[in-house]
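S.K.: Below is coords.txt; it holds compact mmCIF, C-alpha atoms.
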```txt
# COMPACT_ATOMS: atom_id res chain seq x y z
CA LEU A 2 -29.11 39.75 -80.59
CA ARG A 3 -32.22 41.61 -79.46
CA LEU A 4 -30.88 41.82 -75.90
CA VAL A 5 -27.47 42.97 -77.09
CA ALA A 6 -29.24 45.62 -79.15
CA PHE A 7 -31.21 46.69 -76.07
CA GLN A 8 -27.99 47.19 -74.11
CA GLY A 9 -26.47 49.16 -76.99
CA ILE A 10 -29.52 51.41 -77.24
CA VAL A 11 -29.52 52.17 -73.51
CA ARG A 12 -25.83 53.04 -73.57
CA ALA A 13 -26.18 55.14 -76.73
CA LEU A 14 -29.04 57.17 -75.26
CA GLY A 15 -26.98 58.25 -72.25
CA ASP A 16 -29.13 59.90 -69.58
CA ASP A 17 -32.23 59.35 -71.72
CA GLY A 18 -31.63 55.60 -71.54
CA LEU A 19 -32.26 55.43 -67.80
CA PRO A 20 -36.06 55.12 -68.08
CA LEU A 21 -35.59 52.20 -70.47
CA LEU A 22 -33.24 50.52 -68.00
CA ILE A 23 -35.66 50.97 -65.08
CA GLU A 24 -38.57 49.71 -67.18
CA ALA A 25 -36.60 46.60 -68.12
CA LEU A 26 -35.55 45.90 -64.53
CA ALA A 27 -39.17 46.16 -63.38
CA GLY A 28 -40.63 44.30 -66.34
CA PRO A 29 -41.87 40.73 -66.70
CA SER A 30 -39.20 39.44 -69.09
CA LYS A 31 -36.47 37.55 -67.23
CA ALA A 32 -34.14 37.76 -70.22
CA THR A 33 -34.54 41.53 -70.50
CA GLN A 34 -34.06 41.87 -66.74
CA MET A 35 -30.76 39.98 -66.98
CA ALA A 36 -29.64 42.19 -69.86
CA ALA A 37 -30.54 45.28 -67.86
CA LEU A 38 -28.75 44.02 -64.75
CA ARG A 39 -25.51 43.74 -66.74
CA LEU A 40 -25.70 47.50 -67.32
CA VAL A 41 -26.18 48.45 -63.66
CA PRO A 42 -22.53 48.32 -62.45
CA ASP A 43 -21.05 50.75 -64.97
CA LEU A 44 -23.79 52.70 -66.75
CA ALA A 45 -22.82 56.34 -66.16
CA VAL A 46 -26.08 58.28 -66.26
CA ALA A 47 -27.50 61.10 -64.17
CA GLY A 48 -30.23 60.16 -61.72
CA ALA A 49 -29.36 56.47 -61.46
CA THR A 50 -29.05 56.50 -57.66
CA LEU A 51 -32.49 58.03 -57.14
CA ALA A 52 -34.07 55.77 -59.73
CA PHE A 53 -32.55 52.61 -58.21
CA SER A 54 -33.62 53.72 -54.72
CA LYS A 55 -37.24 54.08 -55.82
CA LEU A 56 -37.19 50.82 -57.77
CA LEU A 57 -35.54 48.56 -55.20
CA PRO A 58 -38.46 48.15 -52.74
CA THR A 59 -40.84 47.25 -55.57
CA LEU A 60 -38.82 44.31 -56.92
CA SER A 61 -39.07 40.63 -56.11
CA PRO A 62 -36.49 39.31 -53.61
CA PRO A 63 -34.24 37.75 -56.30
CA MET A 64 -34.25 41.01 -58.27
CA GLN A 65 -33.57 43.05 -55.13
CA VAL A 66 -30.49 40.93 -54.51
CA ALA A 67 -29.34 41.20 -58.12
CA LEU A 68 -29.83 44.97 -58.24
CA LEU A 69 -28.00 45.45 -54.93
CA ASN A 70 -25.10 43.31 -56.10
CA GLY A 71 -24.71 45.35 -59.28
CA TRP A 72 -25.28 48.67 -57.53
CA GLU A 73 -22.55 47.97 -54.98
CA GLN A 74 -20.03 47.88 -57.81
CA ARG A 75 -20.82 51.44 -58.86
CA PRO A 76 -18.93 54.55 -57.69
CA ASP A 77 -22.29 55.68 -56.22
CA PRO A 78 -23.26 52.67 -54.04
CA PRO A 79 -26.67 52.48 -52.37
CA ALA A 80 -27.14 54.83 -49.43
CA LEU A 81 -27.54 53.58 -45.88
CA GLU A 82 -31.18 54.69 -45.76
CA THR A 83 -31.86 52.56 -48.85
CA VAL A 84 -30.16 49.43 -47.54
CA ALA A 85 -31.09 49.45 -43.84
CA PRO A 86 -34.85 48.76 -44.30
CA LEU A 87 -33.95 45.56 -46.16
CA LEU A 88 -32.68 44.08 -42.88
CA ASN A 89 -36.37 43.53 -42.08
CA SER A 90 -37.12 41.68 -45.31
CA PRO A 91 -38.84 38.30 -44.85
CA ALA A 92 -36.50 36.89 -47.53
CA ILE A 93 -33.20 35.69 -46.08
CA GLU A 94 -31.39 36.26 -49.37
CA VAL A 95 -32.36 39.93 -49.28
CA ARG A 96 -31.27 40.29 -45.66
CA LEU A 97 -27.92 38.70 -46.50
CA SER A 98 -27.39 41.03 -49.44
CA ALA A 99 -28.27 44.04 -47.28
CA ILE A 100 -25.85 42.96 -44.55
CA ARG A 101 -23.04 42.60 -47.09
CA ALA A 102 -23.81 46.06 -48.47
CA LEU A 103 -23.71 47.54 -44.97
CA ALA A 104 -20.09 46.46 -44.64
CA ARG A 105 -19.41 49.32 -47.07
CA VAL A 106 -22.13 51.87 -46.31
CA GLY A 107 -23.19 51.11 -42.71
CA ASP A 108 -22.55 53.26 -39.65
CA GLU A 109 -23.27 53.17 -35.92
CA THR A 110 -27.05 53.30 -36.50
CA VAL A 111 -27.10 49.70 -37.78
CA VAL A 112 -24.70 48.22 -35.22
CA LEU A 113 -27.45 46.81 -32.99
CA PRO A 114 -29.37 44.90 -35.70
CA LEU A 115 -26.08 43.58 -37.05
CA VAL A 116 -24.98 42.45 -33.58
CA GLU A 117 -28.34 40.73 -33.14
CA SER A 118 -27.87 38.98 -36.50
CA ALA A 119 -24.34 37.98 -35.50
CA ALA A 120 -25.67 36.54 -32.24
CA ALA A 121 -28.25 34.36 -34.00
CA LEU A 122 -27.31 31.01 -35.47
CA GLY A 123 -28.03 30.94 -39.18
CA PRO A 124 -26.83 32.03 -42.59
CA ALA A 125 -26.68 35.74 -41.67
CA GLN A 126 -24.27 35.26 -38.75
CA LYS A 127 -21.01 35.21 -40.71
CA ALA A 128 -22.00 38.13 -42.96
CA ALA A 129 -23.04 40.22 -39.94
CA ARG A 130 -19.73 39.54 -38.19
CA VAL A 131 -17.81 40.61 -41.29
CA ALA A 132 -19.89 43.78 -41.62
CA LEU A 133 -19.31 44.72 -37.97
CA THR A 134 -15.58 44.30 -38.50
CA GLN A 135 -15.42 46.28 -41.75
CA MET A 136 -17.83 49.20 -41.26
CA ALA A 137 -15.88 52.45 -41.24
CA ARG A 138 -18.53 55.17 -41.23
CA GLY A 139 -19.56 56.92 -38.03
CA ASP A 140 -18.45 55.89 -34.55
CA VAL A 141 -19.12 52.17 -34.77
CA ALA A 142 -16.71 51.46 -31.92
CA ALA A 143 -18.58 53.72 -29.49
CA ARG A 144 -21.84 51.89 -30.22
CA LEU A 145 -20.15 48.53 -29.73
CA LEU A 146 -18.68 49.74 -26.44
CA ALA A 147 -22.14 50.73 -25.25
CA LEU A 148 -23.45 47.28 -26.13
CA LEU A 149 -20.95 45.70 -23.74
CA ASP A 150 -23.43 46.83 -21.09
CA ASP A 151 -26.48 45.38 -22.84
CA PRO A 152 -28.44 43.03 -20.54
CA ARG A 153 -28.40 40.27 -23.17
CA THR A 154 -25.44 37.93 -22.90
CA GLU A 155 -25.37 37.16 -26.61
CA VAL A 156 -25.19 40.86 -27.48
CA GLN A 157 -22.30 41.42 -25.08
CA VAL A 158 -20.46 38.45 -26.56
CA GLU A 159 -20.79 39.69 -30.14
CA ALA A 160 -19.90 43.26 -29.20
CA ALA A 161 -16.72 42.03 -27.52
CA ARG A 162 -15.86 39.88 -30.51
CA ALA A 163 -16.35 42.78 -32.93
CA LEU A 164 -14.26 45.16 -30.82
CA GLY A 165 -11.43 42.66 -30.79
CA GLU A 166 -11.66 42.05 -34.54
CA ARG A 167 -11.64 45.80 -35.17
CA GLY A 168 -8.58 46.32 -32.97
CA GLU A 169 -10.38 48.85 -30.77
CA ARG A 170 -7.94 49.39 -27.91
CA ARG A 171 -10.21 51.85 -26.13
CA ALA A 172 -12.31 48.82 -25.19
CA VAL A 173 -9.55 47.28 -23.07
CA THR A 174 -10.60 48.77 -19.71
CA ARG A 175 -14.20 47.61 -20.01
CA LEU A 176 -13.17 44.21 -21.36
CA LEU A 177 -10.88 43.67 -18.36
CA GLU A 178 -13.87 44.36 -16.12
CA LEU A 179 -16.01 41.87 -18.03
CA ALA A 180 -13.21 39.30 -17.83
CA ARG A 181 -13.80 39.31 -14.06
CA GLY A 182 -17.55 38.88 -14.40
CA GLU A 183 -19.90 36.04 -13.54
CA SER A 184 -21.15 35.24 -17.04
CA THR A 185 -18.93 32.57 -18.55
CA PRO A 186 -19.75 33.35 -22.23
CA VAL A 187 -19.13 37.08 -21.69
CA ARG A 188 -15.98 36.43 -19.68
CA LEU A 189 -14.53 34.19 -22.38
CA ALA A 190 -15.49 36.63 -25.16
CA ALA A 191 -13.77 39.45 -23.27
CA LEU A 192 -10.63 37.36 -22.82
CA ARG A 193 -10.56 36.44 -26.52
CA ALA A 194 -10.78 40.12 -27.44
CA LEU A 195 -8.08 41.02 -24.94
CA VAL A 196 -5.74 38.47 -26.51
CA VAL A 197 -5.63 40.57 -29.68
CA LEU A 198 -5.90 44.01 -28.08
CA LEU A 199 -3.46 44.08 -25.18
CA ASP A 200 -0.01 45.57 -25.65
CA GLU A 201 3.10 45.15 -23.51
CA GLN A 202 2.18 48.07 -21.23
CA GLN A 203 -1.16 46.44 -20.41
CA LEU A 204 0.09 42.94 -19.64
CA ASN A 205 0.23 43.57 -15.90
CA ALA A 206 -3.53 43.99 -15.83
CA LEU A 207 -3.94 40.48 -17.19
CA VAL A 208 -1.30 39.13 -14.80
CA ARG A 209 -3.34 40.56 -11.91
CA LEU A 210 -6.45 38.97 -13.36
CA VAL A 211 -4.74 35.58 -13.26
CA SER A 212 -3.54 36.01 -9.69
CA GLU A 213 -6.86 37.34 -8.41
CA ALA A 214 -9.14 34.94 -10.32
CA ALA A 215 -11.80 33.27 -8.18
CA GLY A 216 -11.32 29.54 -8.61
CA GLU A 217 -9.22 27.26 -10.75
CA THR A 218 -11.46 27.46 -13.81
CA ARG A 219 -11.29 31.23 -14.03
CA ARG A 220 -7.58 31.22 -13.27
CA ALA A 221 -7.00 28.77 -16.11
CA GLU A 222 -9.06 30.89 -18.51
CA ALA A 223 -7.08 34.02 -17.70
CA ALA A 224 -3.76 32.17 -17.75
CA ARG A 225 -4.52 30.80 -21.21
CA ALA A 226 -5.29 34.30 -22.45
CA LEU A 227 -2.06 35.59 -20.92
CA THR A 228 -0.07 32.87 -22.67
CA LEU A 229 -1.65 33.75 -26.00
CA VAL A 230 -0.84 37.43 -25.53
CA TYR A 231 2.80 36.58 -24.78
CA GLU A 232 2.92 34.43 -27.90
CA ARG A 233 1.49 37.21 -30.02
CA LEU A 234 3.88 39.82 -28.67
CA GLU A 235 6.95 37.61 -28.82
CA PRO A 236 9.38 38.81 -31.52
CA LYS A 237 9.25 36.53 -34.53
```
Show this structure as structure tokens.

M.R.:
Amino acid sequence: LRLVAFQGIVRALGDDGLPLLIEALAGPSKATQMAALRLVPDLAVAGATLAFSKLLPTLSPPMQVALLNGWEQRPDPPALETVAPLLNSPAIEVRLSAIRALARVGDETVVLPLVESAAALGPAQKAARVALTQMARGDVAARLLALLDDPRTEVQVEAARALGERGERRAVTRLLELARGESTPVRLAALRALVVLLDEQQLNALVRLVSEAAGETRRAEAARALTLVYERLEPK
């Protein structure tokens, strides 16, 4: 009952209840913290965004995750400059929560760290891949295109994958070039992206790739991609 009363008081105070909420979130009582967290998603008070931004770096990793999860549900989600530093947290659960938040608030400035997370085996890989596919702020595609020329194979592979998942047709020319390259992982990643990006007018480029491929292995790779494109474009 005491915790229910606390929630009622905070709501009844309106803007004046924000300091009580912040104090509870930062306080030592786990029960009061949980009660306060339930208010985060929908408490309409002035100054909440600034107050949450100042509070977030001071919390324990579990509380950072909980606050982020509640904050993301608000009409005023955490800003990019609040979330991005959490990618460097030593706590994997915080990094995962930050990556998921970036799917909504990220832009081209966080593409590289997300690509690096996507290229690394581990729990962050799937979340990073989803974020790279979903981010809609800034010119994410241009940054991914630039990373196709990164010297690291794993970065090129993830950039190609993300461009394909995003349906970025302006990547086709560069992907066709990479599909002729020497690096097998990059070549295969480029072909996988081309399978979902090529349209009927661009099929001839892949036909030429098959006919000009150096060796049976590369010819088979390109032919398989061509078959998959035909299957995708075939009227259902």

S.K.: Pick out the closest residue to Leu40 of chain A from this set: A:Ser212, A:Gln8, A:Thr110, A:Ser98. Count all atoms listed in the file.

M.R.: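 Under the stated criterion, the closest residue is A:Gln8.
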
S.K.: What gap, in Å, lies between atom CA of Val84 of chain A and atom CA of Leu164 of chain A?

M.R.: 23.5 Å

S.K.: May I have the residues within 10 Å of Val230 of chain A as a list in words, using only C-alpha atoms and disregarding those fewer than 2 positions away in the same chain?

M.R.: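 Listing them by chain and then by number gives Arg193, Leu195, Val196, Val197, Leu198, Leu199, Asp200, Glu201, Leu204, Leu207, Ala224, Arg225, Ala226, Leu227, Thr228, Glu232, Arg233, Leu234 and Glu235 of chain A.
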
S.K.: Would you export the selected residues with C-alpha atoms as a compact mmCIF listing (two decimals), in the frame of the given file, please?

M.R.:
```txt
# COMPACT_ATOMS: atom_id res chain seq x y z
CA ARG A 193 -10.56 36.44 -26.52
CA LEU A 195 -8.08 41.02 -24.94
CA VAL A 196 -5.74 38.47 -26.51
CA VAL A 197 -5.63 40.57 -29.68
CA LEU A 198 -5.90 44.01 -28.08
CA LEU A 199 -3.46 44.08 -25.18
CA ASP A 200 -0.01 45.57 -25.65
CA GLU A 201 3.10 45.15 -23.51
CA LEU A 204 0.09 42.94 -19.64
CA LEU A 207 -3.94 40.48 -17.19
CA ALA A 224 -3.76 32.17 -17.75
CA ARG A 225 -4.52 30.80 -21.21
CA ALA A 226 -5.29 34.30 -22.45
CA LEU A 227 -2.06 35.59 -20.92
CA THR A 228 -0.07 32.87 -22.67
CA GLU A 232 2.92 34.43 -27.90
CA ARG A 233 1.49 37.21 -30.02
CA LEU A 234 3.88 39.82 -28.67
CA GLU A 235 6.95 37.61 -28.82
```

S.K.: Excluding segment 113-127 of chain A and residues on its chain fewer than 6 positions from it, collect all residues at most 9 Å away from it, counting all atoms listed in the file, and give them as number ranges by chain.

M.R.: A: 88, 93, 96-97, 100, 133, 144-145, 148, 155-160, 163

S.K.: Could you list, as a list in words, every residue within 12 Å of Val187 of chain A, counting all atoms listed in the file and ignoring same-chain residues fewer than 4 positions away?

M.R.: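 Listing them by chain and then by number gives Leu148, Leu149, Asp150, Asp151, Pro152, Arg153, Thr154, Glu155, Val156, Gln157, Val158, Glu159, Ala160, Ala161, Arg162, Arg175, Leu176, Leu177, Glu178, Leu179, Ala180, Arg181, Gly182, Glu183, Ala191, Leu192, Arg193 and Ala194 of chain A.
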
S.K.: Let's have the selection written as a JSON list (two decimals), in the frame of the given file, with C-alpha atoms.

M.R.:
```json
[["chain", "number", "residue", "atom", "x", "y", "z"],
["A", 148, "LEU", "CA", -23.45, 47.28, -26.13],
["A", 149, "LEU", "CA", -20.95, 45.70, -23.74],
["A", 150, "ASP", "CA", -23.43, 46.83, -21.09],
["A", 151, "ASP", "CA", -26.48, 45.38, -22.84],
["A", 152, "PRO", "CA", -28.44, 43.03, -20.54],
["A", 153, "ARG", "CA", -28.40, 40.27, -23.17],
["A", 154, "THR", "CA", -25.44, 37.93, -22.90],
["A", 155, "GLU", "CA", -25.37, 37.16, -26.61],
["A", 156, "VAL", "CA", -25.19, 40.86, -27.48],
["A", 157, "GLN", "CA", -22.30, 41.42, -25.08],
["A", 158, "VAL", "CA", -20.46, 38.45, -26.56],
["A", 159, "GLU", "CA", -20.79, 39.69, -30.14],
["A", 160, "ALA", "CA", -19.90, 43.26, -29.20],
["A", 161, "ALA", "CA", -16.72, 42.03, -27.52],
["A", 162, "ARG", "CA", -15.86, 39.88, -30.51],
["A", 175, "ARG", "CA", -14.20, 47.61, -20.01],
["A", 176, "LEU", "CA", -13.17, 44.21, -21.36],
["A", 177, "LEU", "CA", -10.88, 43.67, -18.36],
["A", 178, "GLU", "CA", -13.87, 44.36, -16.12],
["A", 179, "LEU", "CA", -16.01, 41.87, -18.03],
["A", 180, "ALA", "CA", -13.21, 39.30, -17.83],
["A", 181, "ARG", "CA", -13.80, 39.31, -14.06],
["A", 182, "GLY", "CA", -17.55, 38.88, -14.40],
["A", 183, "GLU", "CA", -19.90, 36.04, -13.54],
["A", 191, "ALA", "CA", -13.77, 39.45, -23.27],
["A", 192, "LEU", "CA", -10.63, 37.36, -22.82],
["A", 193, "ARG", "CA", -10.56, 36.44, -26.52],
["A", 194, "ALA", "CA", -10.78, 40.12, -27.44]]
```

S.K.: Residues within 10 Å of Val66 of chain A, please, as a short mmCIF file (atom, residue, chain, number, x, y, z; two decimals) with C-alpha atoms, keeping the file's coordinate frame. Count all atoms listed in the file; anything in the same chain fewer than 3 positions from it doesn't count.

M.R.:
```cif
data_model
loop_
_atom_site.label_atom_id
_atom_site.label_comp_id
_atom_site.auth_asym_id
_atom_site.auth_seq_id
_atom_site.Cartn_x
_atom_site.Cartn_y
_atom_site.Cartn_z
CA LEU A 57 -35.54 48.56 -55.20
CA LEU A 60 -38.82 44.31 -56.92
CA SER A 61 -39.07 40.63 -56.11
CA PRO A 62 -36.49 39.31 -53.61
CA PRO A 63 -34.24 37.75 -56.30
CA LEU A 69 -28.00 45.45 -54.93
CA ASN A 70 -25.10 43.31 -56.10
CA GLY A 71 -24.71 45.35 -59.28
CA TRP A 72 -25.28 48.67 -57.53
CA GLU A 94 -31.39 36.26 -49.37
CA VAL A 95 -32.36 39.93 -49.28
CA ARG A 96 -31.27 40.29 -45.66
CA LEU A 97 -27.92 38.70 -46.50
CA SER A 98 -27.39 41.03 -49.44
CA ALA A 99 -28.27 44.04 -47.28
#
```

S.K.: In Å to one decimal, how far is atom CA of Val131 of chain A from atom CA of Ala37 of chain A?

M.R.: 29.8 Å

S.K.: So how far away is atom CA of Met136 of chain A from atom CA of Ala104 of chain A, in Å?

M.R.: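 Between these atoms lies a distance of 4.9 Å.
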
S.K.: Given the choices A:Leu22, A:Ser54, A:Arg75, A:Pro29, which gets closest to Ile10 of chain A if the distance is worked out from all atoms listed in the file?

M.R.: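 Distance minimum relative to Ile10 of chain A lands on A:Leu22.
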
S.K.: Using all atoms listed in the file for the distances, tell me which of A:Leu26, A:Ala129, A:Ala47, A:Ala137 is nearest to Asp108 of chain A.

M.R.: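 Of the candidates, the smallest distance to Asp108 of chain A is held by A:Ala137.
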
S.K.: A:Leu4, A:Leu56, A:Ala45, A:Leu103: which is nearest Ala32 of chain A, counting all atoms listed in the file?

M.R.: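 Going through A:Leu4, A:Leu56, A:Ala45, A:Leu103 one by one, the smallest distance to Ala32 of chain A is for A:Leu4.
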